[in-house]
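K.L.:
One file: final_30.txt (compact mmCIF, C-alpha atoms).
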```
# COMPACT_ATOMS: atom_id res chain seq x y z
CA MET A 1 25.71 6.91 -0.69
CA TRP A 2 22.34 6.46 -2.40
CA ASP A 3 22.31 6.60 -6.17
CA TRP A 4 19.11 8.47 -6.99
CA LYS A 5 18.13 8.38 -10.66
CA PRO A 6 15.14 9.70 -12.65
CA ASP A 7 12.12 7.44 -12.24
CA ILE A 8 9.79 6.17 -14.97
CA LEU A 9 7.09 8.50 -13.63
CA GLY A 10 9.13 11.53 -14.66
CA ALA A 11 10.02 14.61 -12.63
CA PRO A 12 9.94 15.14 -9.70
CA PHE A 13 10.12 11.38 -9.07
CA GLU A 14 13.48 9.69 -8.50
CA GLN A 15 14.34 6.12 -7.59
CA THR A 16 17.17 4.21 -5.96
CA THR A 17 17.84 0.46 -5.88
CA LEU A 18 18.20 -1.17 -2.46
CA PRO A 19 20.37 -4.34 -2.55
CA LEU A 20 19.05 -7.15 -0.35
CA GLY A 21 21.49 -9.97 -1.12
CA ASP A 22 20.64 -13.18 -2.97
CA ASP A 23 18.17 -16.01 -2.56
CA ASN A 24 17.61 -19.24 -4.51
CA GLU A 25 16.36 -17.20 -7.49
CA GLY A 26 19.34 -14.85 -7.63
CA GLU A 27 19.78 -11.15 -6.86
CA VAL A 28 17.15 -9.61 -4.59
CA VAL A 29 16.49 -5.86 -4.51
CA ALA A 30 13.82 -3.41 -3.45
CA THR A 31 13.28 -0.04 -5.10
CA LEU A 32 12.54 3.23 -3.33
CA VAL A 33 10.81 6.02 -5.26
CA ARG A 34 10.70 9.53 -3.87
CA SER A 35 9.03 12.85 -4.54
CA LEU A 36 10.36 15.54 -2.25
CA ALA A 37 8.42 18.60 -1.19
CA ALA A 38 9.91 22.00 -1.86
CA PRO A 39 12.10 22.88 1.15
CA ALA A 40 10.77 25.16 3.87
CA THR A 41 13.27 27.99 3.30
CA TRP A 42 13.37 31.29 5.18
CA TRP A 43 12.04 33.02 2.07
CA ARG A 44 9.02 30.72 1.95
CA THR A 45 8.43 31.37 5.64
CA LEU A 46 8.53 35.15 5.12
CA SER A 47 6.18 34.72 2.18
CA GLY A 48 3.59 33.06 4.40
CA ASP A 49 4.34 29.37 3.77
CA ARG A 50 1.53 27.60 5.67
CA ARG A 51 2.38 24.00 4.82
CA ALA A 52 1.83 22.14 8.05
CA LEU A 53 3.62 18.83 7.37
CA THR A 54 7.15 19.95 6.52
CA ASP A 55 8.55 17.62 9.21
CA ILE A 56 6.90 14.48 7.83
CA ASP A 57 8.21 11.62 5.71
CA VAL A 58 5.57 9.30 4.22
CA LEU A 59 6.45 5.70 3.32
CA TYR A 60 3.93 3.99 1.02
CA VAL A 61 3.78 0.24 0.30
CA HIS A 62 1.68 -1.19 -2.56
CA GLY A 63 -0.57 -4.25 -2.58
CA TRP A 64 -0.50 -7.67 -4.21
CA SER A 65 0.19 -7.84 -7.96
CA ASP A 66 0.95 -4.12 -7.87
CA TYR A 67 3.60 -1.38 -7.73
CA PHE A 68 3.67 2.38 -7.18
CA PHE A 69 2.40 4.61 -10.01
CA GLN A 70 -0.03 7.04 -8.34
CA ARG A 71 1.43 10.49 -9.01
CA ARG A 72 -1.47 12.32 -7.42
CA LEU A 73 -1.02 10.54 -4.10
CA ALA A 74 2.52 11.89 -3.87
CA LYS A 75 1.29 15.35 -4.87
CA PHE A 76 -1.28 15.28 -2.05
CA TRP A 77 1.53 14.95 0.50
CA ASN A 78 4.05 17.22 -1.23
CA GLU A 79 1.55 20.09 -1.34
CA ARG A 80 1.28 19.83 2.44
CA GLY A 81 5.05 19.96 2.82
CA ALA A 82 5.70 16.25 3.39
CA ASN A 83 8.30 14.16 1.58
CA PHE A 84 6.75 11.14 -0.12
CA TYR A 85 8.50 7.79 -0.56
CA ALA A 86 7.07 4.64 -2.15
CA LEU A 87 8.62 1.20 -1.83
CA ASP A 88 8.39 -1.41 -4.58
CA LEU A 89 9.01 -4.51 -2.48
CA ARG A 90 11.30 -7.34 -3.60
CA LYS A 91 10.05 -9.17 -6.72
CA TYR A 92 7.41 -6.54 -7.47
CA GLY A 93 7.35 -3.79 -10.08
CA ARG A 94 10.67 -2.01 -10.46
CA SER A 95 12.28 -4.65 -8.22
CA LEU A 96 11.24 -7.71 -10.24
CA ARG A 97 14.15 -9.46 -11.95
CA PRO A 98 14.07 -12.10 -14.74
CA GLY A 99 13.50 -15.62 -13.45
CA GLN A 100 11.99 -14.54 -10.15
CA THR A 101 8.63 -15.71 -8.82
CA ALA A 102 6.71 -12.44 -8.81
CA GLY A 103 5.70 -11.26 -5.35
CA TYR A 104 6.72 -14.44 -3.56
CA VAL A 105 7.73 -14.57 0.09
CA SER A 106 6.85 -17.24 2.65
CA ASP A 107 6.83 -14.86 5.63
CA LEU A 108 5.68 -11.22 5.66
CA GLY A 109 8.41 -10.57 8.23
CA THR A 110 10.90 -10.93 5.36
CA TYR A 111 9.86 -7.43 4.32
CA ASP A 112 11.50 -6.05 7.47
CA GLU A 113 14.69 -6.05 5.37
CA ASP A 114 13.05 -4.08 2.55
CA ILE A 115 11.57 -1.54 4.95
CA ALA A 116 14.81 -1.18 6.91
CA ALA A 117 16.71 -0.49 3.68
CA ALA A 118 14.11 2.06 2.61
CA LEU A 119 14.22 3.84 5.95
CA ALA A 120 18.00 3.98 5.82
CA ALA A 121 17.80 5.68 2.41
CA MET A 122 15.29 8.12 3.92
CA GLY A 123 17.64 8.96 6.78
CA TRP A 124 15.86 6.87 9.41
CA LYS A 125 16.89 3.98 11.65
CA THR A 126 14.71 1.07 12.77
CA ASP A 127 15.60 1.23 16.47
CA ARG A 128 14.53 4.77 17.31
CA ALA A 129 12.51 7.71 16.05
CA ARG A 130 14.02 10.97 14.85
CA GLY A 131 13.68 14.09 16.91
CA ASP A 132 13.39 16.39 13.90
CA ARG A 133 10.96 14.45 11.67
CA ARG A 134 7.85 12.28 11.88
CA LEU A 135 7.16 9.08 9.96
CA VAL A 136 3.76 8.26 8.46
CA LEU A 137 3.15 4.77 7.05
CA MET A 138 0.67 4.29 4.21
CA GLY A 139 -0.22 0.90 2.76
CA HIS A 140 -2.69 -0.53 0.25
CA SER A 141 -4.23 -4.03 0.54
CA THR A 142 -1.42 -6.52 1.37
CA GLY A 143 0.85 -3.51 1.86
CA GLY A 144 -1.54 -2.38 4.58
CA LEU A 145 -1.30 -5.77 6.28
CA THR A 146 2.49 -5.77 5.97
CA LEU A 147 2.91 -2.27 7.42
CA SER A 148 0.47 -2.95 10.26
CA LEU A 149 2.48 -5.98 11.34
CA TRP A 150 5.74 -4.05 10.95
CA ALA A 151 4.46 -1.13 13.03
CA ALA A 152 3.41 -3.49 15.82
CA ARG A 153 6.93 -4.95 15.90
CA HIS A 154 8.60 -1.51 15.74
CA ALA A 155 6.62 0.53 18.22
CA GLY A 156 7.64 4.16 18.61
CA LEU A 157 8.86 4.77 15.06
CA ALA A 158 5.73 5.82 13.16
CA SER A 159 3.55 8.73 14.21
CA ALA A 160 0.50 7.60 12.23
CA ILE A 161 -0.66 4.83 9.89
CA ILE A 162 -3.01 5.18 6.93
CA LEU A 163 -4.43 2.05 5.33
CA ASN A 164 -6.17 1.94 1.95
CA SER A 165 -8.39 -1.19 1.87
CA PRO A 166 -5.96 -3.30 3.95
CA TRP A 167 -6.22 -7.07 3.52
CA LEU A 168 -6.74 -7.86 7.20
CA GLU A 169 -9.19 -10.71 6.74
CA LEU A 170 -9.88 -13.44 4.19
CA GLN A 171 -12.94 -12.99 2.01
CA ILE A 172 -14.62 -15.73 4.05
CA THR A 173 -15.06 -16.08 7.80
CA GLY A 174 -16.07 -18.62 10.40
CA ILE A 175 -15.55 -22.37 10.11
CA THR A 176 -14.94 -22.25 6.35
CA ARG A 177 -12.15 -19.70 6.85
CA GLN A 178 -10.52 -21.87 9.52
CA ALA A 179 -10.68 -24.96 7.29
CA ILE A 180 -9.20 -23.17 4.28
CA ALA A 181 -6.49 -21.54 6.39
CA ALA A 182 -5.50 -24.94 7.79
CA PHE A 183 -5.39 -26.45 4.29
CA VAL A 184 -3.27 -23.57 2.97
CA GLN A 185 -0.79 -23.88 5.82
CA LEU A 186 -0.49 -27.65 5.40
CA THR A 187 0.09 -27.29 1.64
CA ALA A 188 2.65 -24.55 2.27
CA ARG A 189 4.70 -26.87 4.48
CA VAL A 190 4.94 -29.67 1.93
CA ARG A 191 4.49 -27.88 -1.45
CA PRO A 192 5.00 -24.14 -0.95
CA MET A 193 5.25 -23.38 -4.68
CA ASP A 194 1.91 -25.00 -5.55
CA VAL A 195 -0.22 -22.51 -7.48
CA GLY A 196 -3.82 -21.95 -6.46
CA PRO A 197 -6.76 -21.36 -8.82
CA GLN A 198 -7.01 -18.03 -10.61
CA LEU A 199 -10.00 -16.30 -9.03
CA ASP A 200 -9.43 -12.85 -10.51
CA LEU A 201 -11.72 -12.48 -13.54
CA GLY A 202 -10.28 -9.10 -14.46
CA PHE A 203 -13.25 -7.07 -13.20
CA TYR A 204 -11.14 -4.91 -10.86
CA SER A 205 -8.79 -3.82 -13.65
CA ARG A 206 -11.71 -3.23 -16.02
CA ALA A 207 -13.49 -1.09 -13.42
CA GLN A 208 -10.38 1.07 -12.96
CA GLN A 209 -10.05 1.57 -16.69
CA GLU A 210 -13.70 2.52 -17.11
CA VAL A 211 -13.74 5.08 -14.28
CA ALA A 212 -10.33 6.63 -15.04
CA HIS A 213 -10.48 10.40 -15.46
CA GLU A 214 -8.35 12.65 -17.65
CA GLU A 215 -7.71 15.05 -14.76
CA ASP A 216 -5.86 12.31 -12.88
CA PRO A 217 -4.02 10.31 -15.57
CA TYR A 218 -1.80 7.31 -14.97
CA GLU A 219 -0.18 4.59 -17.02
CA ILE A 220 0.18 0.97 -15.93
CA ASN A 221 2.96 -1.43 -16.85
CA LEU A 222 1.09 -4.69 -17.46
CA ASP A 223 4.25 -6.72 -16.89
CA TRP A 224 4.22 -5.42 -13.31
CA ARG A 225 0.47 -5.12 -12.79
CA PRO A 226 -1.40 -7.54 -15.07
CA ASP A 227 -5.13 -7.23 -15.74
CA ARG A 228 -5.61 -10.46 -13.82
CA ALA A 229 -3.62 -10.91 -10.62
CA MET A 230 -0.32 -12.77 -10.58
CA PRO A 231 -0.38 -16.50 -9.67
CA ILE A 232 -0.81 -17.20 -5.97
CA HIS A 233 1.47 -19.79 -4.37
CA ALA A 234 0.66 -21.77 -1.25
CA GLY A 235 3.71 -20.49 0.64
CA TRP A 236 2.74 -16.87 0.00
CA MET A 237 -0.89 -17.47 0.90
CA SER A 238 0.20 -19.07 4.17
CA ALA A 239 2.20 -15.93 4.97
CA ILE A 240 -0.95 -13.85 4.46
CA VAL A 241 -3.03 -16.15 6.67
CA ASN A 242 -0.41 -16.02 9.43
CA GLY A 243 -0.37 -12.23 9.25
CA GLN A 244 -4.16 -12.08 9.47
CA HIS A 245 -4.11 -14.39 12.48
CA ALA A 246 -1.78 -11.91 14.18
CA VAL A 247 -4.23 -9.08 13.44
CA GLU A 248 -7.11 -11.14 14.81
CA ALA A 249 -5.20 -11.59 18.07
CA GLY A 250 -4.74 -7.81 18.30
CA LEU A 251 -1.67 -5.81 17.30
CA GLY A 252 -1.74 -3.11 19.97
CA ILE A 253 -0.54 -0.31 17.68
CA ASN A 254 -0.30 2.79 19.87
CA VAL A 255 -0.49 5.54 17.24
CA PRO A 256 -3.55 6.77 15.30
CA VAL A 257 -4.67 4.55 12.43
CA CYS A 258 -6.94 5.63 9.57
CA VAL A 259 -8.59 2.87 7.52
CA LEU A 260 -10.17 3.91 4.21
CA LEU A 261 -12.68 1.47 2.73
CA SER A 262 -15.36 1.36 0.09
CA GLN A 263 -18.94 1.55 1.29
CA ARG A 264 -19.77 -1.79 -0.31
CA THR A 265 -18.48 -5.03 -1.79
CA TRP A 266 -19.48 -6.56 -5.11
CA ILE A 267 -18.26 -10.02 -6.10
CA GLY A 268 -19.70 -11.80 -9.12
CA VAL A 269 -18.88 -14.16 -11.95
CA ARG A 270 -20.17 -11.89 -14.72
CA TRP A 271 -19.33 -8.26 -15.36
CA SER A 272 -21.74 -5.75 -13.83
CA GLU A 273 -21.79 -1.96 -13.71
CA GLU A 274 -21.80 -2.37 -9.94
CA ALA A 275 -18.11 -3.27 -10.17
CA LYS A 276 -17.36 0.38 -10.95
CA SER A 277 -18.52 1.60 -7.55
CA ALA A 278 -17.54 -1.16 -5.12
CA ASP A 279 -14.63 -3.18 -3.78
CA THR A 280 -14.47 -6.29 -5.96
CA VAL A 281 -11.59 -7.82 -4.00
CA LEU A 282 -12.40 -7.71 -0.27
CA VAL A 283 -15.49 -7.96 1.92
CA VAL A 284 -15.31 -4.46 3.31
CA ASP A 285 -17.61 -5.02 6.30
CA ASP A 286 -15.28 -7.79 7.52
CA ILE A 287 -12.25 -5.54 7.00
CA ALA A 288 -13.92 -2.73 8.95
CA LYS A 289 -14.50 -5.11 11.86
CA ALA A 290 -10.96 -6.51 11.73
CA SER A 291 -9.53 -2.98 11.66
CA LEU A 292 -10.61 -2.47 15.25
CA LYS A 293 -8.03 -5.08 16.29
CA LEU A 294 -5.15 -2.94 15.03
CA GLY A 295 -4.79 -0.62 18.00
CA ARG A 296 -6.42 1.71 20.48
CA SER A 297 -7.14 4.61 18.11
CA VAL A 298 -8.63 3.46 14.79
CA THR A 299 -10.75 5.62 12.49
CA VAL A 300 -12.69 3.76 9.79
CA GLU A 301 -13.76 5.95 6.85
CA ARG A 302 -16.19 4.50 4.29
CA ILE A 303 -16.13 6.07 0.82
CA ASP A 304 -19.31 5.70 -1.18
CA GLY A 305 -18.66 4.44 -4.71
CA ALA A 306 -15.01 3.59 -4.10
CA LEU A 307 -13.04 0.74 -5.69
CA HIS A 308 -10.58 -1.53 -3.89
CA ASP A 309 -7.88 1.10 -4.36
CA ILE A 310 -9.76 4.07 -2.99
CA PHE A 311 -7.61 6.56 -4.88
CA LEU A 312 -8.28 4.97 -8.28
CA SER A 313 -12.05 5.24 -7.98
CA ALA A 314 -14.46 7.26 -10.13
CA LYS A 315 -13.99 11.00 -9.84
CA ASP A 316 -16.59 11.76 -7.17
CA ALA A 317 -15.47 8.91 -4.91
CA ARG A 318 -11.82 9.74 -5.49
CA GLU A 319 -12.33 13.40 -4.58
CA ASP A 320 -14.24 12.31 -1.47
CA ALA A 321 -11.37 10.02 -0.53
CA TYR A 322 -8.76 12.77 -0.80
CA ALA A 323 -10.98 15.21 1.10
CA THR A 324 -11.58 12.62 3.83
CA LEU A 325 -7.89 11.85 4.11
CA GLY A 326 -7.11 15.56 4.23
CA ARG A 327 -9.48 16.12 7.14
CA TRP A 328 -7.99 13.20 9.08
CA VAL A 329 -4.46 14.38 8.41
CA ASP A 330 -5.29 17.92 9.49
CA HIS A 331 -6.85 16.63 12.69
CA MET A 332 -4.20 14.08 13.62
CA LEU A 333 -0.93 15.46 12.25
CA VAL A 334 -1.20 19.24 12.37
CA ASP A 335 0.03 20.70 15.63
```
Show how you would write the structure in this file as structure tokens.

P.N.:
Amino acid sequence: MWDWKPDILGAPFEQTTLPLGDDNEGEVVATLVRSLAAPATWWRTLSGDRRALTDIDVLYVHGWSDYFFQRRLAKFWNERGANFYALDLRKYGRSLRPGQTAGYVSDLGTYDEDIAAALAAMGWKTDRARGDRRLVLMGHSTGGLTLSLWAARHAGLASAIILNSPWLELQITGITRQAIAAFVQLTARVRPMDVGPQLDLGFYSRAQQEVAHEEDPYEINLDWRPDRAMPIHAGWMSAIVNGQHAVEAGLGINVPVCVLLSQRTWIGVRWSEEAKSADTVLVVDDIAKASLKLGRSVTVERIDGALHDIFLSAKDAREDAYATLGRWVDHMLVD
């Protein structure tokens, strides 16, 4: 039923296209990428196979102006026996079609269709959990916000949620935040395709390039993930604000949540070496505080020297991030 083809990342990655109908810009699709763990055969069991997560499927969702390309992240899960799936949402990455407004939706709930299609291709339904497998959700930045909202609306499906620098709060708080949110929502109602100012000076991309390490190589398609973030439209920004308001009110997620964040934020108008060891996108202290509104069991892990994408940080911070995630996984997911 699902036409799995070789992915651009090479073996063992495969991808399948998920049709989602049409909108005013034409054909809409999502793309599911998978890397399957070696099966837990009787021979492996006799040989002392100790992989503890052979009953787990991981579904990863990327952030804004992004797509999935992190091979090592999939390897982390595969080595523990879990199947890894990554979803390029509609109008992002592999799913972006000519003439489409990259990344645009006016309601984060629209992604319910993308996630439902992905789960179907993974052998899951959206109305009940499976008795033989567990589902772990993993999201970065806006993907973390999207999956948090989805999990709150679909209680009982996921067994755990892991968030990598989730965008749960605007970079400003208080009265200024309320005023800007109101302005964004008003603009979205009358001119949803208005483009806001470009605030990304390219420091985040530069920091990733400068701390990249040959032991964990990756290549980036700049058409899908430009050095400076894609244009932000009022309608999309309003969707983000509405999602963050829902988080602020409390989501009541009833499964364990792990939130990975950098230890510090650096935001400036001129390049600084500090950008190579901090989150240059979000105010991490505000995100840590907002994370506590997600549910009843939230672990916040702060990684010293980490970038906005924890797993693309300099080597020491990246190794710390994987070790930290491994400890949490062993504690929460291993029987």

K.L.:
State, in Å with one decimal place, the distance from atom CA of A:Arg270 to atom CA of A:Ser205.

P.N.:
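Distance between the two atoms: 14.0 Å.
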
K.L.:
Quick one: of A:Asp200, A:Glu301, A:Glu79, A:Asp22, who's nearest to A:Ala52, counting only C-alpha atoms?

P.N.:
A:Glu79

K.L.:
Please indicate the distance in Å from atom CA of A:His62 to atom CA of A:Phe311, rounded to one decimal place.

P.N.:
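Separation between atom CA of A:His62 and atom CA of A:Phe311: 12.3 Å.
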
K.L.:
Need to verify the contact set: stretch 5-18 of chain A, 7 Å, all atoms listed in the file, exclusion of same-chain residues closer than 5 positions in sequence. Can you return it as a ChimeraX atom specification?

P.N.:
/A:29-35,117

K.L.:
Counting only C-alpha atoms, what is within 12 Å of A:Ile162, bar same-chain residues fewer than 5 positions away, as number ranges by chain?

P.N.:
A: 58-61, 135-141, 143-145, 147-148, 151, 255-261, 291, 294, 297-301, 324-326, 328-329, 332-333

K.L.:
Just write the chosen residues, C-alpha atoms, as a PDB file, in the coordinates of the input.

P.N.:
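The resulting file, part-v3.pdb, is reproduced below:
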```pdb
ATOM      1  CA  VAL A  58       5.570   9.300   4.220  1.00  0.00           C
ATOM      2  CA  LEU A  59       6.450   5.700   3.320  1.00  0.00           C
ATOM      3  CA  TYR A  60       3.930   3.990   1.020  1.00  0.00           C
ATOM      4  CA  VAL A  61       3.780   0.240   0.300  1.00  0.00           C
ATOM      5  CA  LEU A 135       7.160   9.080   9.960  1.00  0.00           C
ATOM      6  CA  VAL A 136       3.760   8.260   8.460  1.00  0.00           C
ATOM      7  CA  LEU A 137       3.150   4.770   7.050  1.00  0.00           C
ATOM      8  CA  MET A 138       0.670   4.290   4.210  1.00  0.00           C
ATOM      9  CA  GLY A 139      -0.220   0.900   2.760  1.00  0.00           C
ATOM     10  CA  HIS A 140      -2.690  -0.530   0.250  1.00  0.00           C
ATOM     11  CA  SER A 141      -4.230  -4.030   0.540  1.00  0.00           C
ATOM     12  CA  GLY A 143       0.850  -3.510   1.860  1.00  0.00           C
ATOM     13  CA  GLY A 144      -1.540  -2.380   4.580  1.00  0.00           C
ATOM     14  CA  LEU A 145      -1.300  -5.770   6.280  1.00  0.00           C
ATOM     15  CA  LEU A 147       2.910  -2.270   7.420  1.00  0.00           C
ATOM     16  CA  SER A 148       0.470  -2.950  10.260  1.00  0.00           C
ATOM     17  CA  ALA A 151       4.460  -1.130  13.030  1.00  0.00           C
ATOM     18  CA  VAL A 255      -0.490   5.540  17.240  1.00  0.00           C
ATOM     19  CA  PRO A 256      -3.550   6.770  15.300  1.00  0.00           C
ATOM     20  CA  VAL A 257      -4.670   4.550  12.430  1.00  0.00           C
ATOM     21  CA  CYS A 258      -6.940   5.630   9.570  1.00  0.00           C
ATOM     22  CA  VAL A 259      -8.590   2.870   7.520  1.00  0.00           C
ATOM     23  CA  LEU A 260     -10.170   3.910   4.210  1.00  0.00           C
ATOM     24  CA  LEU A 261     -12.680   1.470   2.730  1.00  0.00           C
ATOM     25  CA  SER A 291      -9.530  -2.980  11.660  1.00  0.00           C
ATOM     26  CA  LEU A 294      -5.150  -2.940  15.030  1.00  0.00           C
ATOM     27  CA  SER A 297      -7.140   4.610  18.110  1.00  0.00           C
ATOM     28  CA  VAL A 298      -8.630   3.460  14.790  1.00  0.00           C
ATOM     29  CA  THR A 299     -10.750   5.620  12.490  1.00  0.00           C
ATOM     30  CA  VAL A 300     -12.690   3.760   9.790  1.00  0.00           C
ATOM     31  CA  GLU A 301     -13.760   5.950   6.850  1.00  0.00           C
ATOM     32  CA  THR A 324     -11.580  12.620   3.830  1.00  0.00           C
ATOM     33  CA  LEU A 325      -7.890  11.850   4.110  1.00  0.00           C
ATOM     34  CA  GLY A 326      -7.110  15.560   4.230  1.00  0.00           C
ATOM     35  CA  TRP A 328      -7.990  13.200   9.080  1.00  0.00           C
ATOM     36  CA  VAL A 329      -4.460  14.380   8.410  1.00  0.00           C
ATOM     37  CA  MET A 332      -4.200  14.080  13.620  1.00  0.00           C
ATOM     38  CA  LEU A 333      -0.930  15.460  12.250  1.00  0.00           C
TER      39      LEU A 333
END
```

K.L.:
Excluding stretch 232-237 of chain A and residues on its chain fewer than 3 positions from it, collect all residues at most 9 Å away from it, counting all atoms listed in the file, and give them as a PyMOL selection string.

P.N.:
chain A and resi 103-108+181+184-189+191-198+229+240-242

K.L.:
Compare A:Ile56, A:Val284, A:Ala152, A:Ala275 by their minimum atom-to-atom distance to A:Gly250, counting all atoms listed in the file, and give me the closest one.

P.N.:
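Residue with the minimum atom-to-atom distance to A:Gly250: A:Ala152.
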
K.L.:
Ranking A:Gly123, A:Ala74, A:Pro19, A:Arg296 by minimum distance to A:Leu89 and counting only C-alpha atoms, which one comes first?

P.N.:
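Using only C-alpha atoms, the shortest distance to A:Leu89 belongs to A:Pro19.
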
K.L.:
Can you tell me which residues surround A:Arg80 at a distance of at most 10 Å, considering only C-alpha atoms, apart from same-chain residues fewer than 2 positions away, and format the answer as a list in words?

P.N.:
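Returned residues: Ala37, Ala38, Arg50, Arg51, Ala52, Leu53, Thr54, Ile56, Lys75, Phe76, Trp77, Asn78, Ala82, Asn83, Gly326, Val329 and Asp330 of chain A.
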
K.L.:
Could you check which of A:Asp66, A:Glu274, A:Asp127, A:Asp3 is closest to A:Ile220, using all atoms listed in the file?

P.N.:
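Looking only at the distances to A:Ile220, the closest residue turns out to be A:Asp66.
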
K.L.:
For each of A:Ala160, A:Lys276, A:Ala40, A:His308, take the minimum atom-to-atom distance to A:His331, counting all atoms listed in the file, then give the residue where this is smallest.

P.N.:
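Once distances to A:His331 are computed over all atoms listed in the file, the minimum belongs to A:Ala160.
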
K.L.:
Provide the atom CA of A:His213 to atom CA of A:Asn164 distance in Å, to one decimal place.

P.N.:
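For atom CA of A:His213 relative to atom CA of A:Asn164, the distance reads 19.8 Å.
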
K.L.:
Report, as JSON, the centre and edge lengths in Å (one decimal) of the axis-aligned box enclosing every listed atom of stretch 260-274 of chain A, padded by 8 Å on each side.

P.N.:
```
{"center_x": -16.0, "center_y": -5.1, "center_z": -5.6, "size_x": 27.6, "size_y": 34.1, "size_z": 35.6}
```

K.L.:
Got a sec: who's within 12 Å of A:Glu27, counting all atoms listed in the file, leaving out chain neighbours fewer than 5 positions off, as an mmCIF file with C-alpha atoms, in the coordinates of the input?

P.N.:
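Final output, result22.cif:
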```
data_model
loop_
_atom_site.group_PDB
_atom_site.id
_atom_site.type_symbol
_atom_site.label_atom_id
_atom_site.label_comp_id
_atom_site.auth_asym_id
_atom_site.auth_seq_id
_atom_site.Cartn_x
_atom_site.Cartn_y
_atom_site.Cartn_z
ATOM 1 C CA THR A 17 17.840 0.460 -5.880
ATOM 2 C CA LEU A 18 18.200 -1.170 -2.460
ATOM 3 C CA PRO A 19 20.370 -4.340 -2.550
ATOM 4 C CA LEU A 20 19.050 -7.150 -0.350
ATOM 5 C CA GLY A 21 21.490 -9.970 -1.120
ATOM 6 C CA ASP A 22 20.640 -13.180 -2.970
ATOM 7 C CA ARG A 90 11.300 -7.340 -3.600
ATOM 8 C CA LYS A 91 10.050 -9.170 -6.720
ATOM 9 C CA SER A 95 12.280 -4.650 -8.220
ATOM 10 C CA LEU A 96 11.240 -7.710 -10.240
ATOM 11 C CA ARG A 97 14.150 -9.460 -11.950
ATOM 12 C CA PRO A 98 14.070 -12.100 -14.740
ATOM 13 C CA GLY A 99 13.500 -15.620 -13.450
ATOM 14 C CA GLN A 100 11.990 -14.540 -10.150
#
```

K.L.:
Point out the residue among A:Leu199, A:Leu222, A:Ala290, A:Val211 with the least atom-to-atom distance to A:Ser277, counting only C-alpha atoms.

P.N.:
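Nearest candidate to A:Ser277 out of A:Leu199, A:Leu222, A:Ala290, A:Val211: A:Val211.
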